[in-house]
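Shown below: model01.pdb, with PDB, C-alpha atoms, pLDDT in the B column.
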ATOM      1  CA  MET A 151      69.070  69.996  58.178  1.00 41.00           C
ATOM      2  CA  PRO A 152      67.013  72.922  56.919  1.00 45.00           C
ATOM      3  CA  GLY A 153      64.080  73.664  59.199  1.00 45.00           C
ATOM      4  CA  GLY A 154      64.826  70.690  61.433  1.00 46.00           C
ATOM      5  CA  ASN A 155      66.074  72.552  64.482  1.00 48.00           C
ATOM      6  CA  MET A 156      63.889  75.664  64.487  1.00 50.00           C
ATOM      7  CA  ARG A 157      61.864  77.437  67.150  1.00 50.00           C
ATOM      8  CA  ALA A 158      58.280  78.540  66.594  1.00 51.00           C
ATOM      9  CA  ASN A 159      59.522  82.045  65.700  1.00 49.00           C
ATOM     10  CA  GLY A 160      61.571  80.656  62.803  1.00 50.00           C
ATOM     11  CA  ARG A 161      64.957  81.250  64.454  1.00 48.00           C
ATOM     12  CA  PRO A 162      67.500  78.487  64.974  1.00 46.00           C
ATOM     13  CA  ALA A 163      67.141  76.671  68.283  1.00 49.00           C
ATOM     14  CA  ASN A 164      70.887  76.309  68.729  1.00 56.00           C
ATOM     15  CA  ASN A 165      73.385  79.043  69.481  1.00 70.00           C
ATOM     16  CA  SER A 166      74.712  79.397  65.940  1.00 82.00           C
ATOM     17  CA  TRP A 167      74.282  83.183  66.224  1.00 82.00           C
ATOM     18  CA  GLU A 168      76.922  83.133  68.963  1.00 86.00           C
ATOM     19  CA  ALA A 169      79.387  81.404  66.659  1.00 86.00           C
ATOM     20  CA  VAL A 170      78.688  83.886  63.864  1.00 88.00           C
ATOM     21  CA  GLN A 171      79.016  86.899  66.182  1.00 89.00           C
ATOM     22  CA  SER A 172      82.154  85.495  67.757  1.00 90.00           C
ATOM     23  CA  LYS A 173      83.787  84.963  64.378  1.00 90.00           C
ATOM     24  CA  THR A 174      82.694  88.384  63.099  1.00 90.00           C
ATOM     25  CA  PHE A 175      83.799  90.249  66.223  1.00 93.00           C
ATOM     26  CA  THR A 176      87.111  88.356  66.288  1.00 93.00           C
ATOM     27  CA  LYS A 177      87.763  89.529  62.726  1.00 92.00           C
ATOM     28  CA  TRP A 178      86.893  93.111  63.720  1.00 92.00           C
ATOM     29  CA  VAL A 179      89.263  92.950  66.702  1.00 94.00           C
ATOM     30  CA  ASN A 180      92.019  91.397  64.581  1.00 94.00           C
ATOM     31  CA  ALA A 181      91.659  94.205  62.024  1.00 93.00           C
ATOM     32  CA  ARG A 182      92.187  96.808  64.762  1.00 93.00           C
ATOM     33  CA  LEU A 183      95.077  94.915  66.375  1.00 95.00           C
ATOM     34  CA  GLY A 184      96.646  94.183  62.990  1.00 94.00           C
ATOM     35  CA  GLU A 185      96.936  97.902  62.274  1.00 92.00           C
ATOM     36  CA  HIS A 186      99.512  97.937  65.100  1.00 93.00           C
ATOM     37  CA  SER A 187     101.165  94.574  64.330  1.00 92.00           C
ATOM     38  CA  LEU A 188      99.390  92.837  67.229  1.00 91.00           C
ATOM     39  CA  GLY A 189      97.397  89.616  67.262  1.00 81.00           C
ATOM     40  CA  PRO A 190      95.894  87.778  65.570  1.00 92.00           C
ATOM     41  CA  LEU A 191      93.410  86.280  67.986  1.00 95.00           C
ATOM     42  CA  ASP A 192      91.702  82.968  67.351  1.00 94.00           C
ATOM     43  CA  ASP A 193      88.613  83.600  69.477  1.00 91.00           C
ATOM     44  CA  ILE A 194      87.958  86.798  71.432  1.00 91.00           C
ATOM     45  CA  CYS A 195      85.995  84.926  74.051  1.00 90.00           C
ATOM     46  CA  THR A 196      89.027  82.932  75.139  1.00 93.00           C
ATOM     47  CA  ASP A 197      91.792  85.292  74.006  1.00 95.00           C
ATOM     48  CA  PHE A 198      90.409  88.183  76.072  1.00 95.00           C
ATOM     49  CA  SER A 199      90.418  86.077  79.244  1.00 95.00           C
ATOM     50  CA  ASP A 200      93.781  87.356  80.528  1.00 97.00           C
ATOM     51  CA  GLY A 201      92.951  90.988  79.717  1.00 97.00           C
ATOM     52  CA  THR A 202      96.049  91.756  77.641  1.00 97.00           C
ATOM     53  CA  ALA A 203      94.417  91.710  74.196  1.00 96.00           C
ATOM     54  CA  LEU A 204      91.410  93.643  75.521  1.00 97.00           C
ATOM     55  CA  ILE A 205      93.706  96.327  76.951  1.00 97.00           C
ATOM     56  CA  GLN A 206      95.657  96.533  73.688  1.00 96.00           C
ATOM     57  CA  LEU A 207      92.423  96.877  71.717  1.00 96.00           C
ATOM     58  CA  LEU A 208      91.140  99.646  73.990  1.00 96.00           C
ATOM     59  CA  GLU A 209      94.449 101.511  73.790  1.00 96.00           C
ATOM     60  CA  ILE A 210      94.212 101.429  69.990  1.00 94.00           C
ATOM     61  CA  ILE A 211      90.571 102.415  69.534  1.00 92.00           C
ATOM     62  CA  GLY A 212      90.525 104.742  72.551  1.00 91.00           C
ATOM     63  CA  ASP A 213      93.758 106.428  71.459  1.00 90.00           C
ATOM     64  CA  ALA A 214      95.012 106.428  75.053  1.00 93.00           C
ATOM     65  CA  SER A 215      97.309 104.427  77.269  1.00 95.00           C
ATOM     66  CA  LEU A 216      95.694 102.418  80.042  1.00 96.00           C
ATOM     67  CA  GLY A 217      98.929 102.495  82.018  1.00 95.00           C
ATOM     68  CA  ARG A 218     100.811  99.570  83.480  1.00 96.00           C
ATOM     69  CA  PHE A 219      99.366  96.092  83.280  1.00 96.00           C
ATOM     70  CA  ASN A 220     100.623  92.546  83.578  1.00 96.00           C
ATOM     71  CA  ARG A 221     101.671  91.530  80.057  1.00 95.00           C
ATOM     72  CA  SER A 222     102.108  87.847  80.956  1.00 95.00           C
ATOM     73  CA  PRO A 223      99.521  87.075  83.623  1.00 97.00           C
ATOM     74  CA  ARG A 224      99.679  83.536  84.960  1.00 96.00           C
ATOM     75  CA  MET A 225      97.553  83.718  88.074  1.00 97.00           C
ATOM     76  CA  ARG A 226      93.817  84.371  88.051  1.00 97.00           C
ATOM     77  CA  ILE A 227      94.199  87.491  90.190  1.00 97.00           C
ATOM     78  CA  GLN A 228      96.572  89.011  87.615  1.00 98.00           C
ATOM     79  CA  LYS A 229      94.072  88.312  84.860  1.00 98.00           C
ATOM     80  CA  VAL A 230      91.226  89.829  86.902  1.00 98.00           C
ATOM     81  CA  GLU A 231      93.362  92.940  87.571  1.00 98.00           C
ATOM     82  CA  ASN A 232      94.053  93.336  83.843  1.00 98.00           C
ATOM     83  CA  VAL A 233      90.397  92.959  82.910  1.00 98.00           C
ATOM     84  CA  ASN A 234      89.346  95.356  85.683  1.00 97.00           C
ATOM     85  CA  LEU A 235      91.750  97.929  84.240  1.00 98.00           C
ATOM     86  CA  ALA A 236      90.073  97.546  80.839  1.00 97.00           C
ATOM     87  CA  LEU A 237      86.545  97.693  82.291  1.00 97.00           C
ATOM     88  CA  ASP A 238      87.428 100.776  84.343  1.00 96.00           C
ATOM     89  CA  PHE A 239      88.670 102.464  81.163  1.00 96.00           C
ATOM     90  CA  ILE A 240      85.416 101.647  79.373  1.00 95.00           C
ATOM     91  CA  ARG A 241      83.301 102.875  82.286  1.00 93.00           C
ATOM     92  CA  GLY A 242      85.465 105.995  82.528  1.00 92.00           C
ATOM     93  CA  ARG A 243      84.281 106.822  79.016  1.00 89.00           C
ATOM     94  CA  LYS A 244      80.705 106.863  80.367  1.00 87.00           C
ATOM     95  CA  ILE A 245      79.907 103.543  78.690  1.00 88.00           C
ATOM     96  CA  ASN A 246      77.475 101.425  80.661  1.00 87.00           C
ATOM     97  CA  LEU A 247      78.439  97.764  81.000  1.00 88.00           C
ATOM     98  CA  THR A 248      75.501  96.265  82.836  1.00 85.00           C
ATOM     99  CA  ASN A 249      76.171  92.953  84.580  1.00 90.00           C
ATOM    100  CA  ILE A 250      79.645  92.458  83.115  1.00 94.00           C
ATOM    101  CA  GLY A 251      82.427  91.883  85.626  1.00 95.00           C
ATOM    102  CA  ALA A 252      86.074  90.984  85.271  1.00 97.00           C
ATOM    103  CA  GLU A 253      85.373  87.407  86.346  1.00 97.00           C
ATOM    104  CA  ASP A 254      82.941  86.998  83.439  1.00 97.00           C
ATOM    105  CA  ILE A 255      85.691  87.887  80.981  1.00 97.00           C
ATOM    106  CA  VAL A 256      88.324  85.761  82.740  1.00 97.00           C
ATOM    107  CA  ASP A 257      85.885  82.839  82.752  1.00 97.00           C
ATOM    108  CA  ALA A 258      85.234  83.379  79.005  1.00 95.00           C
ATOM    109  CA  ASN A 259      81.475  83.959  79.333  1.00 95.00           C
ATOM    110  CA  ARG A 260      80.687  84.072  75.622  1.00 93.00           C
ATOM    111  CA  LYS A 261      77.350  85.923  75.757  1.00 93.00           C
ATOM    112  CA  LEU A 262      78.632  88.670  78.041  1.00 95.00           C
ATOM    113  CA  ILE A 263      81.868  89.096  76.089  1.00 96.00           C
ATOM    114  CA  LEU A 264      79.986  89.350  72.796  1.00 94.00           C
ATOM    115  CA  GLY A 265      77.679  91.928  74.367  1.00 93.00           C
ATOM    116  CA  MET A 266      80.656  93.895  75.643  1.00 95.00           C
ATOM    117  CA  ILE A 267      82.352  93.832  72.235  1.00 94.00           C
ATOM    118  CA  TRP A 268      79.157  95.043  70.556  1.00 90.00           C
ATOM    119  CA  ILE A 269      79.010  97.940  73.020  1.00 90.00           C
ATOM    120  CA  ILE A 270      82.683  98.722  72.330  1.00 91.00           C
ATOM    121  CA  ILE A 271      82.093  98.660  68.569  1.00 88.00           C
ATOM    122  CA  LEU A 272      79.004 100.816  68.951  1.00 84.00           C
ATOM    123  CA  ARG A 273      80.560 103.415  71.249  1.00 83.00           C
ATOM    124  CA  PHE A 274      84.049 103.623  69.778  1.00 79.00           C
ATOM    125  CA  THR A 275      83.350 103.311  66.060  1.00 75.00           C
ATOM    126  CA  ILE A 276      79.711 103.292  64.993  1.00 68.00           C
ATOM    127  CA  GLU A 277      78.839 106.506  66.823  1.00 64.00           C
ATOM    128  CA  ASP A 278      81.381 108.266  64.619  1.00 62.00           C
ATOM    129  CA  ILE A 279      79.513 107.176  61.495  1.00 62.00           C
ATOM    130  CA  SER A 280      77.341 109.783  59.884  1.00 60.00           C
ATOM    131  CA  GLU A 281      75.502 108.665  56.804  1.00 55.00           C
ATOM    132  CA  GLU A 282      73.408 111.293  55.032  1.00 63.00           C
ATOM    133  CA  GLY A 283      72.687 113.131  58.293  1.00 69.00           C
ATOM    134  CA  LEU A 284      71.233 110.061  60.015  1.00 72.00           C
ATOM    135  CA  SER A 285      71.996 108.832  63.533  1.00 73.00           C
ATOM    136  CA  ALA A 286      74.790 106.305  63.889  1.00 72.00           C
ATOM    137  CA  MET A 287      72.451 103.320  64.170  1.00 75.00           C
ATOM    138  CA  ASP A 288      70.202 104.519  61.329  1.00 80.00           C
ATOM    139  CA  GLY A 289      73.284 105.213  59.217  1.00 76.00           C
ATOM    140  CA  LEU A 290      74.638 101.742  59.909  1.00 78.00           C
ATOM    141  CA  LEU A 291      71.278 100.189  59.055  1.00 83.00           C
ATOM    142  CA  LEU A 292      71.179 102.126  55.781  1.00 83.00           C
ATOM    143  CA  TRP A 293      74.741 101.039  54.994  1.00 80.00           C
ATOM    144  CA  CYS A 294      73.876  97.375  55.706  1.00 85.00           C
ATOM    145  CA  GLN A 295      70.773  97.611  53.529  1.00 88.00           C
ATOM    146  CA  ARG A 296      72.762  99.052  50.640  1.00 88.00           C
ATOM    147  CA  LYS A 297      75.533  96.458  50.940  1.00 84.00           C
ATOM    148  CA  THR A 298      73.070  93.546  51.023  1.00 89.00           C
ATOM    149  CA  ALA A 299      70.689  94.919  48.346  1.00 89.00           C
ATOM    150  CA  PRO A 300      72.197  92.762  45.545  1.00 90.00           C
ATOM    151  CA  TYR A 301      71.318  89.590  47.485  1.00 88.00           C
ATOM    152  CA  ASP A 302      67.755  88.421  46.803  1.00 89.00           C
ATOM    153  CA  ASP A 303      67.481  86.331  49.978  1.00 87.00           C
ATOM    154  CA  VAL A 304      68.800  88.999  52.397  1.00 86.00           C
ATOM    155  CA  ARG A 305      66.545  91.629  53.964  1.00 87.00           C
ATOM    156  CA  VAL A 306      68.044  93.747  56.752  1.00 89.00           C
ATOM    157  CA  ARG A 307      65.252  95.527  58.631  1.00 88.00           C
ATOM    158  CA  ASP A 308      66.840  96.026  62.057  1.00 86.00           C
ATOM    159  CA  PHE A 309      69.587  94.681  64.340  1.00 78.00           C
ATOM    160  CA  SER A 310      67.478  92.345  66.459  1.00 73.00           C
TER     161      SER A 310
END
Show this structure as structure tokens.
Amino acid sequence: MPGGNMRANGRPANNSWEAVQSKTFTKWVNARLGEHSLGPLDDICTDFSDGTALIQLLEIIGDASLGRFNRSPRMRIQKVENVNLALDFIRGRKINLTNIGAEDIVDANRKLILGMIWIIILRFTIEDISEEGLSAMDGLLLWCQRKTAPYDDVRVRDFS
């Protein structure tokens, strides 16, 4: 129902943004994994919960091996160990993951996983973008504005 479930600020009251981000980020992850004949994942929030797909993704985009990990974890502790390996790799790259622990990933905490994936995308891919001498974020914003310019009802001003 248009306008029926809106907050005072005009944004949807439900968590539809989470579904959109989850779908978008899952496609991004699948594109990276697919380059190495891995995947596809259905939903990063649940498919990352054992750590294996997250480790594989980081090995691909980080161009480094994370070492040995449990490829078929069955017990929670094995899953937590895998995810800790991935988080340690991210933190070792001087990437700050505030308030994200292995248990959050194992428990499929959607908001924290989406935040982590955004940070991964930002640090491993967007920072390499240089558009007309602009910073990575400004370059990405400019790119988004150009790609959406043909659409009358789309105005990209920022990423909030």
Carefully work through the PyMOL selection byres ((chain A and resi 197) around 12) for this structure and note down the residues it includes, as number ranges by chain. A: 172, 176, 179-180, 189-196, 198-207, 229, 233, 255-260, 263
What does the structure give for the distance between atom CA of A:Lys261 and atom CA of A:Asp308, in Å to one decimal?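 Value for the atom CA of A:Lys261-atom CA of A:Asp308 distance: 20.0 Å.
Across the model, the gap from atom CA of A:Met287 to atom CA of A:Arg307 is 12.0 Å.
Taking atom CA of A:Ile211 and atom CA of A:Phe274 as endpoints, the distance between them is 6.6 Å.
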Could you tell me which of A:Trp167, A:Trp268, A:Gly184, A:Ala252 comes closest to A:Arg226 if we count all atoms listed in the file?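 Answer, going by the shortest atom-to-atom distance: A:Ala252.
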Test item: residues at most 10 Å from stretch 238-246 of chain A, all atoms listed in the file, excluding those fewer than 5 positions along its chain, as a ChimeraX atom specification: /A:205,208-209,212,214-216,232-233,252,266,269-270,273-274
Go ahead and save the picked residues with C-alpha atoms, as a PDB file, keeping the file's coordinate frame.
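The file below, out01.pdb, is the result:
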ATOM      1  CA  ILE A 205      93.706  96.327  76.951  1.00 97.00           C
ATOM      2  CA  LEU A 208      91.140  99.646  73.990  1.00 96.00           C
ATOM      3  CA  GLU A 209      94.449 101.511  73.790  1.00 96.00           C
ATOM      4  CA  GLY A 212      90.525 104.742  72.551  1.00 91.00           C
ATOM      5  CA  ALA A 214      95.012 106.428  75.053  1.00 93.00           C
ATOM      6  CA  SER A 215      97.309 104.427  77.269  1.00 95.00           C
ATOM      7  CA  LEU A 216      95.694 102.418  80.042  1.00 96.00           C
ATOM      8  CA  ASN A 232      94.053  93.336  83.843  1.00 98.00           C
ATOM      9  CA  VAL A 233      90.397  92.959  82.910  1.00 98.00           C
ATOM     10  CA  ALA A 252      86.074  90.984  85.271  1.00 97.00           C
ATOM     11  CA  MET A 266      80.656  93.895  75.643  1.00 95.00           C
ATOM     12  CA  ILE A 269      79.010  97.940  73.020  1.00 90.00           C
ATOM     13  CA  ILE A 270      82.683  98.722  72.330  1.00 91.00           C
ATOM     14  CA  ARG A 273      80.560 103.415  71.249  1.00 83.00           C
ATOM     15  CA  PHE A 274      84.049 103.623  69.778  1.00 79.00           C
TER      16      PHE A 274
END
On this structure, the PyMOL selection byres ((chain A and resi 306) around 10) would catch which residues? List them as an mmCIF file with C-alpha atoms, in the frame of the given file, sorted by chain and number.
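Final output, saved to result-v2.cif:
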data_model
loop_
_atom_site.group_PDB
_atom_site.id
_atom_site.type_symbol
_atom_site.label_atom_id
_atom_site.label_comp_id
_atom_site.auth_asym_id
_atom_site.auth_seq_id
_atom_site.Cartn_x
_atom_site.Cartn_y
_atom_site.Cartn_z
ATOM 1 C CA LEU A 291 71.278 100.189 59.055
ATOM 2 C CA LEU A 292 71.179 102.126 55.781
ATOM 3 C CA CYS A 294 73.876 97.375 55.706
ATOM 4 C CA GLN A 295 70.773 97.611 53.529
ATOM 5 C CA ARG A 296 72.762 99.052 50.640
ATOM 6 C CA LYS A 297 75.533 96.458 50.940
ATOM 7 C CA THR A 298 73.070 93.546 51.023
ATOM 8 C CA ALA A 299 70.689 94.919 48.346
ATOM 9 C CA VAL A 304 68.800 88.999 52.397
ATOM 10 C CA ARG A 305 66.545 91.629 53.964
ATOM 11 C CA ARG A 307 65.252 95.527 58.631
ATOM 12 C CA ASP A 308 66.840 96.026 62.057
ATOM 13 C CA PHE A 309 69.587 94.681 64.340
ATOM 14 C CA SER A 310 67.478 92.345 66.459
#
Centre and edges of the stretch 216-219 of chain A box, axis-aligned, 4 Å extra per side, as JSON:
{"center_x": 98.3, "center_y": 99.3, "center_z": 81.8, "size_x": 13.1, "size_y": 14.4, "size_z": 11.4}
Taking 4 positions as the minimum chain separation for residues in the same chain, which residues sit within 9 Å of A:Arg182 when counting only C-alpha atoms? Answer as number ranges by chain. A: 177-178, 186, 188, 207, 210-211
Kindly complete stretch 228-239 of chain A to all heavy atoms; the output should be written as a PDB file, keeping the file's coordinate frame.
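As a result, selection-v2.pdb now contains:
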ATOM      1  N   GLN A 228      95.921  88.126  88.582  1.00 98.00           N
ATOM      2  CA  GLN A 228      96.572  89.011  87.615  1.00 98.00           C
ATOM      3  C   GLN A 228      95.667  89.245  86.401  1.00 98.00           C
ATOM      4  O   GLN A 228      95.577  90.363  85.884  1.00 98.00           O
ATOM      5  CB  GLN A 228      97.912  88.428  87.166  1.00 98.00           C
ATOM      6  CG  GLN A 228      98.944  88.351  88.274  1.00 98.00           C
ATOM      7  CD  GLN A 228     100.166  87.555  87.863  1.00 98.00           C
ATOM      8  OE1 GLN A 228     100.069  86.565  87.140  1.00 98.00           O
ATOM      9  NE2 GLN A 228     101.334  88.002  88.324  1.00 98.00           N
ATOM     10  N   LYS A 229      95.005  88.198  85.984  1.00 98.00           N
ATOM     11  CA  LYS A 229      94.072  88.312  84.860  1.00 98.00           C
ATOM     12  C   LYS A 229      92.893  89.205  85.235  1.00 98.00           C
ATOM     13  O   LYS A 229      92.487  90.076  84.454  1.00 98.00           O
ATOM     14  CB  LYS A 229      93.581  86.926  84.441  1.00 98.00           C
ATOM     15  CG  LYS A 229      94.686  86.037  83.901  1.00 98.00           C
ATOM     16  CD  LYS A 229      94.185  84.634  83.618  1.00 98.00           C
ATOM     17  CE  LYS A 229      95.317  83.737  83.154  1.00 98.00           C
ATOM     18  NZ  LYS A 229      94.864  82.380  82.836  1.00 98.00           N
ATOM     19  N   VAL A 230      92.350  89.007  86.431  1.00 98.00           N
ATOM     20  CA  VAL A 230      91.226  89.829  86.902  1.00 98.00           C
ATOM     21  C   VAL A 230      91.654  91.301  86.998  1.00 98.00           C
ATOM     22  O   VAL A 230      90.892  92.199  86.608  1.00 98.00           O
ATOM     23  CB  VAL A 230      90.688  89.302  88.253  1.00 98.00           C
ATOM     24  CG1 VAL A 230      89.716  90.278  88.881  1.00 98.00           C
ATOM     25  CG2 VAL A 230      90.035  87.934  88.074  1.00 98.00           C
ATOM     26  N   GLU A 231      92.861  91.560  87.488  1.00 98.00           N
ATOM     27  CA  GLU A 231      93.362  92.940  87.571  1.00 98.00           C
ATOM     28  C   GLU A 231      93.447  93.573  86.188  1.00 98.00           C
ATOM     29  O   GLU A 231      93.058  94.728  85.994  1.00 98.00           O
ATOM     30  CB  GLU A 231      94.729  92.979  88.255  1.00 98.00           C
ATOM     31  CG  GLU A 231      94.669  92.733  89.743  1.00 98.00           C
ATOM     32  CD  GLU A 231      96.054  92.595  90.382  1.00 98.00           C
ATOM     33  OE1 GLU A 231      97.067  92.509  89.637  1.00 98.00           O
ATOM     34  OE2 GLU A 231      96.116  92.577  91.619  1.00 98.00           O
ATOM     35  N   ASN A 232      93.970  92.828  85.210  1.00 98.00           N
ATOM     36  CA  ASN A 232      94.053  93.336  83.843  1.00 98.00           C
ATOM     37  C   ASN A 232      92.668  93.677  83.296  1.00 98.00           C
ATOM     38  O   ASN A 232      92.450  94.743  82.723  1.00 98.00           O
ATOM     39  CB  ASN A 232      94.731  92.315  82.918  1.00 98.00           C
ATOM     40  CG  ASN A 232      96.236  92.342  83.003  1.00 98.00           C
ATOM     41  OD1 ASN A 232      96.829  93.170  83.672  1.00 98.00           O
ATOM     42  ND2 ASN A 232      96.858  91.397  82.316  1.00 98.00           N
ATOM     43  N   VAL A 233      91.738  92.746  83.450  1.00 98.00           N
ATOM     44  CA  VAL A 233      90.397  92.959  82.910  1.00 98.00           C
ATOM     45  C   VAL A 233      89.711  94.113  83.638  1.00 98.00           C
ATOM     46  O   VAL A 233      89.031  94.935  83.010  1.00 98.00           O
ATOM     47  CB  VAL A 233      89.558  91.663  82.970  1.00 98.00           C
ATOM     48  CG1 VAL A 233      88.122  91.934  82.540  1.00 98.00           C
ATOM     49  CG2 VAL A 233      90.176  90.577  82.088  1.00 98.00           C
ATOM     50  N   ASN A 234      89.917  94.228  84.946  1.00 97.00           N
ATOM     51  CA  ASN A 234      89.346  95.356  85.683  1.00 97.00           C
ATOM     52  C   ASN A 234      89.889  96.684  85.163  1.00 97.00           C
ATOM     53  O   ASN A 234      89.154  97.664  85.074  1.00 97.00           O
ATOM     54  CB  ASN A 234      89.594  95.222  87.182  1.00 97.00           C
ATOM     55  CG  ASN A 234      88.487  94.480  87.881  1.00 97.00           C
ATOM     56  OD1 ASN A 234      87.314  94.587  87.521  1.00 97.00           O
ATOM     57  ND2 ASN A 234      88.844  93.711  88.887  1.00 97.00           N
ATOM     58  N   LEU A 235      91.164  96.722  84.812  1.00 98.00           N
ATOM     59  CA  LEU A 235      91.750  97.929  84.240  1.00 98.00           C
ATOM     60  C   LEU A 235      91.016  98.305  82.948  1.00 98.00           C
ATOM     61  O   LEU A 235      90.659  99.471  82.729  1.00 98.00           O
ATOM     62  CB  LEU A 235      93.245  97.714  83.972  1.00 98.00           C
ATOM     63  CG  LEU A 235      94.002  98.871  83.326  1.00 98.00           C
ATOM     64  CD1 LEU A 235      94.050 100.075  84.261  1.00 98.00           C
ATOM     65  CD2 LEU A 235      95.416  98.421  82.969  1.00 98.00           C
ATOM     66  N   ALA A 236      90.781  97.307  82.104  1.00 97.00           N
ATOM     67  CA  ALA A 236      90.073  97.546  80.839  1.00 97.00           C
ATOM     68  C   ALA A 236      88.630  98.002  81.094  1.00 97.00           C
ATOM     69  O   ALA A 236      88.162  98.971  80.480  1.00 97.00           O
ATOM     70  CB  ALA A 236      90.088  96.277  79.982  1.00 97.00           C
ATOM     71  N   LEU A 237      87.937  97.328  82.000  1.00 97.00           N
ATOM     72  CA  LEU A 237      86.545  97.693  82.291  1.00 97.00           C
ATOM     73  C   LEU A 237      86.456  99.083  82.905  1.00 97.00           C
ATOM     74  O   LEU A 237      85.526  99.845  82.601  1.00 97.00           O
ATOM     75  CB  LEU A 237      85.898  96.646  83.201  1.00 97.00           C
ATOM     76  CG  LEU A 237      85.736  95.239  82.606  1.00 97.00           C
ATOM     77  CD1 LEU A 237      85.125  94.299  83.629  1.00 97.00           C
ATOM     78  CD2 LEU A 237      84.922  95.266  81.322  1.00 97.00           C
ATOM     79  N   ASP A 238      87.404  99.429  83.758  1.00 96.00           N
ATOM     80  CA  ASP A 238      87.428 100.776  84.343  1.00 96.00           C
ATOM     81  C   ASP A 238      87.617 101.844  83.260  1.00 96.00           C
ATOM     82  O   ASP A 238      87.014 102.911  83.313  1.00 96.00           O
ATOM     83  CB  ASP A 238      88.529 100.898  85.396  1.00 96.00           C
ATOM     84  CG  ASP A 238      88.211 100.140  86.676  1.00 96.00           C
ATOM     85  OD1 ASP A 238      87.041  99.744  86.876  1.00 96.00           O
ATOM     86  OD2 ASP A 238      89.152  99.922  87.482  1.00 96.00           O
ATOM     87  N   PHE A 239      88.461 101.541  82.276  1.00 96.00           N
ATOM     88  CA  PHE A 239      88.670 102.464  81.163  1.00 96.00           C
ATOM     89  C   PHE A 239      87.365 102.670  80.388  1.00 96.00           C
ATOM     90  O   PHE A 239      87.000 103.799  80.054  1.00 96.00           O
ATOM     91  CB  PHE A 239      89.767 101.935  80.236  1.00 96.00           C
ATOM     92  CG  PHE A 239      89.975 102.774  79.005  1.00 96.00           C
ATOM     93  CD1 PHE A 239      90.690 103.962  79.080  1.00 96.00           C
ATOM     94  CD2 PHE A 239      89.471 102.379  77.785  1.00 96.00           C
ATOM     95  CE1 PHE A 239      90.895 104.747  77.949  1.00 96.00           C
ATOM     96  CE2 PHE A 239      89.664 103.152  76.651  1.00 96.00           C
ATOM     97  CZ  PHE A 239      90.373 104.333  76.729  1.00 96.00           C
TER      98      PHE A 239
END
